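In what follows, a single structure is set out as structure tokens and then discussed.
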Amino acid sequence: MRTDPWIDPNGAEVEAIVEAVRRCPSGALSYLIEDVEHRDTERDTGIIVSKDGPYFVTGGIELQDVPQGGGASTERCALCRCGESKNKPFCDGTHWDIGFKDGTD
């Protein structure tokens, strides 16, 4: 995290990479094993407001009038709250760089 590029497929053992993809809150990651893509699992519908970070949306909520990249998760995404993402409405991690604070304790 906090490096560019932030994805290094050779940075860990396969099991650790698989676990990181499964935990990815934005749904931006997937992995292939024997040419089979592994991506989403069904999740409960919800929105989590993270401290000093994005909104985490889960549960297959469709965003209206928002084009999503090919292969993007349909079960989860992270939406920008700081207003500075270069990939709006999605979070790109810029809140870390600019020191975004949401004003809550």
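Starting from 1 in every chain, residues are counted up; chains themselves are A, B, ... following the order of the structure tokens, and ligands are numbered from 1 as listed.
Here the strand (DSSP E or B) residues in chain A, by DSSP on the backbone, are A:Tyr31, A:Leu32, A:Ile33, A:Val36, A:Glu37, A:His38, A:Gly46, A:Ile47, A:Ile48, A:Val49, A:Tyr55, A:Phe56, A:Val57, A:Thr58, A:Arg76, A:Cys77, A:Ala78, A:Leu79, A:Phe90.
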Shell around Ser73 (chain A) at 6 Å using only C-alpha atoms, local window under 2 positions removed, as an MDAnalysis selection string: chainID A and resid 27 75:76
Find the residues around Arg22 (chain A) up to 12 Å (only C-alpha atoms counted), leave out those fewer than 6 positions away in its own chain, and share them as a PDB file with all heavy atoms, in the first residue's frame.
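Result file is result.pdb:
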ATOM      1  N   GLU A  15      -0.661 -17.857  -1.873  1.00  0.00           N
ATOM      2  CA  GLU A  15      -1.697 -17.868  -0.836  1.00  0.00           C
ATOM      3  C   GLU A  15      -1.906 -16.479  -0.242  1.00  0.00           C
ATOM      4  O   GLU A  15      -3.040 -16.079   0.040  1.00  0.00           O
ATOM      5  CB  GLU A  15      -1.351 -18.860   0.275  1.00  0.00           C
ATOM      6  CG  GLU A  15      -1.323 -20.317  -0.167  1.00  0.00           C
ATOM      7  CD  GLU A  15      -0.020 -20.707  -0.885  1.00  0.00           C
ATOM      8  OE1 GLU A  15       0.987 -19.975  -0.756  1.00  0.00           O
ATOM      9  OE2 GLU A  15      -0.030 -21.733  -1.583  1.00  0.00           O
ATOM     10  N   ALA A  16      -0.826 -15.738  -0.055  1.00  0.00           N
ATOM     11  CA  ALA A  16      -0.935 -14.387   0.503  1.00  0.00           C
ATOM     12  C   ALA A  16      -1.609 -13.442  -0.487  1.00  0.00           C
ATOM     13  O   ALA A  16      -2.397 -12.578  -0.097  1.00  0.00           O
ATOM     14  CB  ALA A  16       0.447 -13.857   0.888  1.00  0.00           C
ATOM     15  N   ALA A  28     -11.369  -4.070  -6.550  1.00  0.00           N
ATOM     16  CA  ALA A  28     -10.572  -3.744  -7.725  1.00  0.00           C
ATOM     17  C   ALA A  28      -9.649  -4.874  -8.151  1.00  0.00           C
ATOM     18  O   ALA A  28      -9.105  -4.838  -9.244  1.00  0.00           O
ATOM     19  CB  ALA A  28      -9.743  -2.489  -7.454  1.00  0.00           C
ATOM     20  N   LEU A  29      -9.471  -5.878  -7.304  1.00  0.00           N
ATOM     21  CA  LEU A  29      -8.509  -6.936  -7.596  1.00  0.00           C
ATOM     22  C   LEU A  29      -9.196  -8.254  -7.887  1.00  0.00           C
ATOM     23  O   LEU A  29     -10.267  -8.548  -7.369  1.00  0.00           O
ATOM     24  CB  LEU A  29      -7.569  -7.129  -6.396  1.00  0.00           C
ATOM     25  CG  LEU A  29      -6.802  -5.915  -5.926  1.00  0.00           C
ATOM     26  CD1 LEU A  29      -5.996  -6.261  -4.682  1.00  0.00           C
ATOM     27  CD2 LEU A  29      -5.906  -5.378  -7.028  1.00  0.00           C
ATOM     28  N   SER A  30      -8.549  -9.040  -8.721  1.00  0.00           N
ATOM     29  CA  SER A  30      -8.966 -10.419  -8.951  1.00  0.00           C
ATOM     30  C   SER A  30      -7.704 -11.218  -9.226  1.00  0.00           C
ATOM     31  O   SER A  30      -6.616 -10.658  -9.343  1.00  0.00           O
ATOM     32  CB  SER A  30      -9.939 -10.522 -10.127  1.00  0.00           C
ATOM     33  OG  SER A  30      -9.297 -10.160 -11.338  1.00  0.00           O
ATOM     34  N   TYR A  31      -7.830 -12.524  -9.324  1.00  0.00           N
ATOM     35  CA  TYR A  31      -6.682 -13.364  -9.643  1.00  0.00           C
ATOM     36  C   TYR A  31      -7.137 -14.520 -10.514  1.00  0.00           C
ATOM     37  O   TYR A  31      -8.312 -14.878 -10.548  1.00  0.00           O
ATOM     38  CB  TYR A  31      -5.982 -13.864  -8.375  1.00  0.00           C
ATOM     39  CG  TYR A  31      -6.842 -14.744  -7.487  1.00  0.00           C
ATOM     40  CD1 TYR A  31      -6.817 -16.123  -7.609  1.00  0.00           C
ATOM     41  CD2 TYR A  31      -7.670 -14.186  -6.529  1.00  0.00           C
ATOM     42  CE1 TYR A  31      -7.601 -16.932  -6.806  1.00  0.00           C
ATOM     43  CE2 TYR A  31      -8.454 -14.981  -5.716  1.00  0.00           C
ATOM     44  CZ  TYR A  31      -8.414 -16.352  -5.857  1.00  0.00           C
ATOM     45  OH  TYR A  31      -9.198 -17.138  -5.063  1.00  0.00           O
ATOM     46  N   HIS A  38     -10.989 -15.538 -10.370  1.00  0.00           N
ATOM     47  CA  HIS A  38     -11.673 -15.537  -9.076  1.00  0.00           C
ATOM     48  C   HIS A  38     -11.842 -14.079  -8.661  1.00  0.00           C
ATOM     49  O   HIS A  38     -10.883 -13.335  -8.628  1.00  0.00           O
ATOM     50  CB  HIS A  38     -10.847 -16.295  -8.029  1.00  0.00           C
ATOM     51  CG  HIS A  38     -10.659 -17.735  -8.385  1.00  0.00           C
ATOM     52  ND1 HIS A  38     -11.518 -18.708  -7.969  1.00  0.00           N
ATOM     53  CD2 HIS A  38      -9.737 -18.350  -9.152  1.00  0.00           C
ATOM     54  CE1 HIS A  38     -11.122 -19.874  -8.441  1.00  0.00           C
ATOM     55  NE2 HIS A  38     -10.042 -19.678  -9.167  1.00  0.00           N
ATOM     56  N   ARG A  39     -13.059 -13.698  -8.356  1.00  0.00           N
ATOM     57  CA  ARG A  39     -13.309 -12.292  -8.066  1.00  0.00           C
ATOM     58  C   ARG A  39     -14.234 -12.140  -6.878  1.00  0.00           C
ATOM     59  O   ARG A  39     -13.826 -11.980  -5.776  1.00  0.00           O
ATOM     60  CB  ARG A  39     -13.905 -11.606  -9.305  1.00  0.00           C
ATOM     61  CG  ARG A  39     -14.306 -10.173  -9.062  1.00  0.00           C
ATOM     62  CD  ARG A  39     -14.665  -9.465 -10.330  1.00  0.00           C
ATOM     63  NE  ARG A  39     -13.521  -9.252 -11.174  1.00  0.00           N
ATOM     64  CZ  ARG A  39     -12.597  -8.325 -10.979  1.00  0.00           C
ATOM     65  NH1 ARG A  39     -12.681  -7.522  -9.964  1.00  0.00           N
ATOM     66  NH2 ARG A  39     -11.591  -8.187 -11.797  1.00  0.00           N
ATOM     67  N   ASP A  40     -15.495 -12.149  -7.111  1.00  0.00           N
ATOM     68  CA  ASP A  40     -16.475 -11.776  -6.103  1.00  0.00           C
ATOM     69  C   ASP A  40     -17.102 -12.961  -5.395  1.00  0.00           C
ATOM     70  O   ASP A  40     -17.230 -14.036  -5.941  1.00  0.00           O
ATOM     71  CB  ASP A  40     -17.622 -10.986  -6.735  1.00  0.00           C
ATOM     72  CG  ASP A  40     -17.245  -9.580  -7.059  1.00  0.00           C
ATOM     73  OD1 ASP A  40     -16.398  -9.020  -6.359  1.00  0.00           O
ATOM     74  OD2 ASP A  40     -17.796  -9.036  -8.022  1.00  0.00           O
ATOM     75  N   THR A  41     -17.535 -12.680  -4.182  1.00  0.00           N
ATOM     76  CA  THR A  41     -18.454 -13.547  -3.477  1.00  0.00           C
ATOM     77  C   THR A  41     -19.635 -12.668  -3.105  1.00  0.00           C
ATOM     78  O   THR A  41     -19.489 -11.457  -2.970  1.00  0.00           O
ATOM     79  CB  THR A  41     -17.826 -14.124  -2.188  1.00  0.00           C
ATOM     80  OG1 THR A  41     -17.423 -13.038  -1.349  1.00  0.00           O
ATOM     81  CG2 THR A  41     -16.625 -14.980  -2.503  1.00  0.00           C
ATOM     82  N   GLU A  42     -20.795 -13.253  -3.002  1.00  0.00           N
ATOM     83  CA  GLU A  42     -21.952 -12.442  -2.637  1.00  0.00           C
ATOM     84  C   GLU A  42     -21.775 -11.896  -1.235  1.00  0.00           C
ATOM     85  O   GLU A  42     -21.286 -12.580  -0.339  1.00  0.00           O
ATOM     86  CB  GLU A  42     -23.231 -13.263  -2.746  1.00  0.00           C
ATOM     87  CG  GLU A  42     -23.606 -13.554  -4.183  1.00  0.00           C
ATOM     88  CD  GLU A  42     -24.973 -14.175  -4.302  1.00  0.00           C
ATOM     89  OE1 GLU A  42     -25.800 -14.013  -3.377  1.00  0.00           O
ATOM     90  OE2 GLU A  42     -25.220 -14.815  -5.328  1.00  0.00           O
ATOM     91  N   ARG A  43     -22.178 -10.653  -1.064  1.00  0.00           N
ATOM     92  CA  ARG A  43     -22.025  -9.967   0.216  1.00  0.00           C
ATOM     93  C   ARG A  43     -23.355  -9.328   0.602  1.00  0.00           C
ATOM     94  O   ARG A  43     -24.173  -9.034  -0.245  1.00  0.00           O
ATOM     95  CB  ARG A  43     -20.952  -8.885   0.104  1.00  0.00           C
ATOM     96  CG  ARG A  43     -19.599  -9.451  -0.242  1.00  0.00           C
ATOM     97  CD  ARG A  43     -18.628  -8.337  -0.597  1.00  0.00           C
ATOM     98  NE  ARG A  43     -17.373  -8.901  -1.057  1.00  0.00           N
ATOM     99  CZ  ARG A  43     -16.333  -9.140  -0.279  1.00  0.00           C
ATOM    100  NH1 ARG A  43     -16.384  -8.855   1.000  1.00  0.00           N
ATOM    101  NH2 ARG A  43     -15.236  -9.661  -0.762  1.00  0.00           N
ATOM    102  N   SER A  73     -15.665  -5.282 -10.007  1.00  0.00           N
ATOM    103  CA  SER A  73     -16.507  -6.032  -9.091  1.00  0.00           C
ATOM    104  C   SER A  73     -17.952  -5.549  -9.159  1.00  0.00           C
ATOM    105  O   SER A  73     -18.212  -4.358  -9.265  1.00  0.00           O
ATOM    106  CB  SER A  73     -16.004  -5.855  -7.660  1.00  0.00           C
ATOM    107  OG  SER A  73     -16.893  -6.466  -6.755  1.00  0.00           O
ATOM    108  N   GLU A  75     -19.929  -6.705  -6.648  1.00  0.00           N
ATOM    109  CA  GLU A  75     -20.331  -6.933  -5.254  1.00  0.00           C
ATOM    110  C   GLU A  75     -19.779  -5.917  -4.277  1.00  0.00           C
ATOM    111  O   GLU A  75     -20.196  -5.877  -3.139  1.00  0.00           O
ATOM    112  CB  GLU A  75     -19.916  -8.324  -4.805  1.00  0.00           C
ATOM    113  CG  GLU A  75     -20.810  -9.405  -5.342  1.00  0.00           C
ATOM    114  CD  GLU A  75     -22.248  -9.268  -4.861  1.00  0.00           C
ATOM    115  OE1 GLU A  75     -22.486  -9.043  -3.661  1.00  0.00           O
ATOM    116  OE2 GLU A  75     -23.141  -9.369  -5.706  1.00  0.00           O
ATOM    117  N   ARG A  76     -18.789  -5.122  -4.690  1.00  0.00           N
ATOM    118  CA  ARG A  76     -18.207  -4.159  -3.759  1.00  0.00           C
ATOM    119  C   ARG A  76     -17.433  -3.093  -4.520  1.00  0.00           C
ATOM    120  O   ARG A  76     -16.934  -3.325  -5.612  1.00  0.00           O
ATOM    121  CB  ARG A  76     -17.295  -4.853  -2.769  1.00  0.00           C
ATOM    122  CG  ARG A  76     -16.198  -5.624  -3.459  1.00  0.00           C
ATOM    123  CD  ARG A  76     -15.530  -6.573  -2.533  1.00  0.00           C
ATOM    124  NE  ARG A  76     -14.828  -7.557  -3.329  1.00  0.00           N
ATOM    125  CZ  ARG A  76     -13.691  -8.111  -2.996  1.00  0.00           C
ATOM    126  NH1 ARG A  76     -13.111  -7.780  -1.869  1.00  0.00           N
ATOM    127  NH2 ARG A  76     -13.124  -9.001  -3.753  1.00  0.00           N
TER     128      ARG A  76
END
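Within chain A, the backbone-based DSSP assignment of helix (DSSP H, G or I) covers Val14, Glu15, Ala16, Ile17, Val18, Glu19, Ala20, Val21, Arg22, Arg23, Thr94, His95, Trp96, Asp97 and Ile98 of chain A.
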For Ile61 (chain A): contacts at 10 Å, only C-alpha atoms, fewer than 6 positions along chain excluded, given as a PyMOL selection string: chain A and resi 45-47+74-77
Find the residues near region 88-94 of chain A: any atom within 7 Å, counting only C-alpha atoms, skip ones fewer than 5 places away on the same chain, and give them as a list in words. Pro54, Ala78, Leu79 and Cys80 of chain A
Compare A:Glu13, A:Val57, A:Ser26, A:Val21 by their minimum atom-to-atom distance to Ala72 (chain A), counting only C-alpha atoms, and give me the closest one. A:Ser26
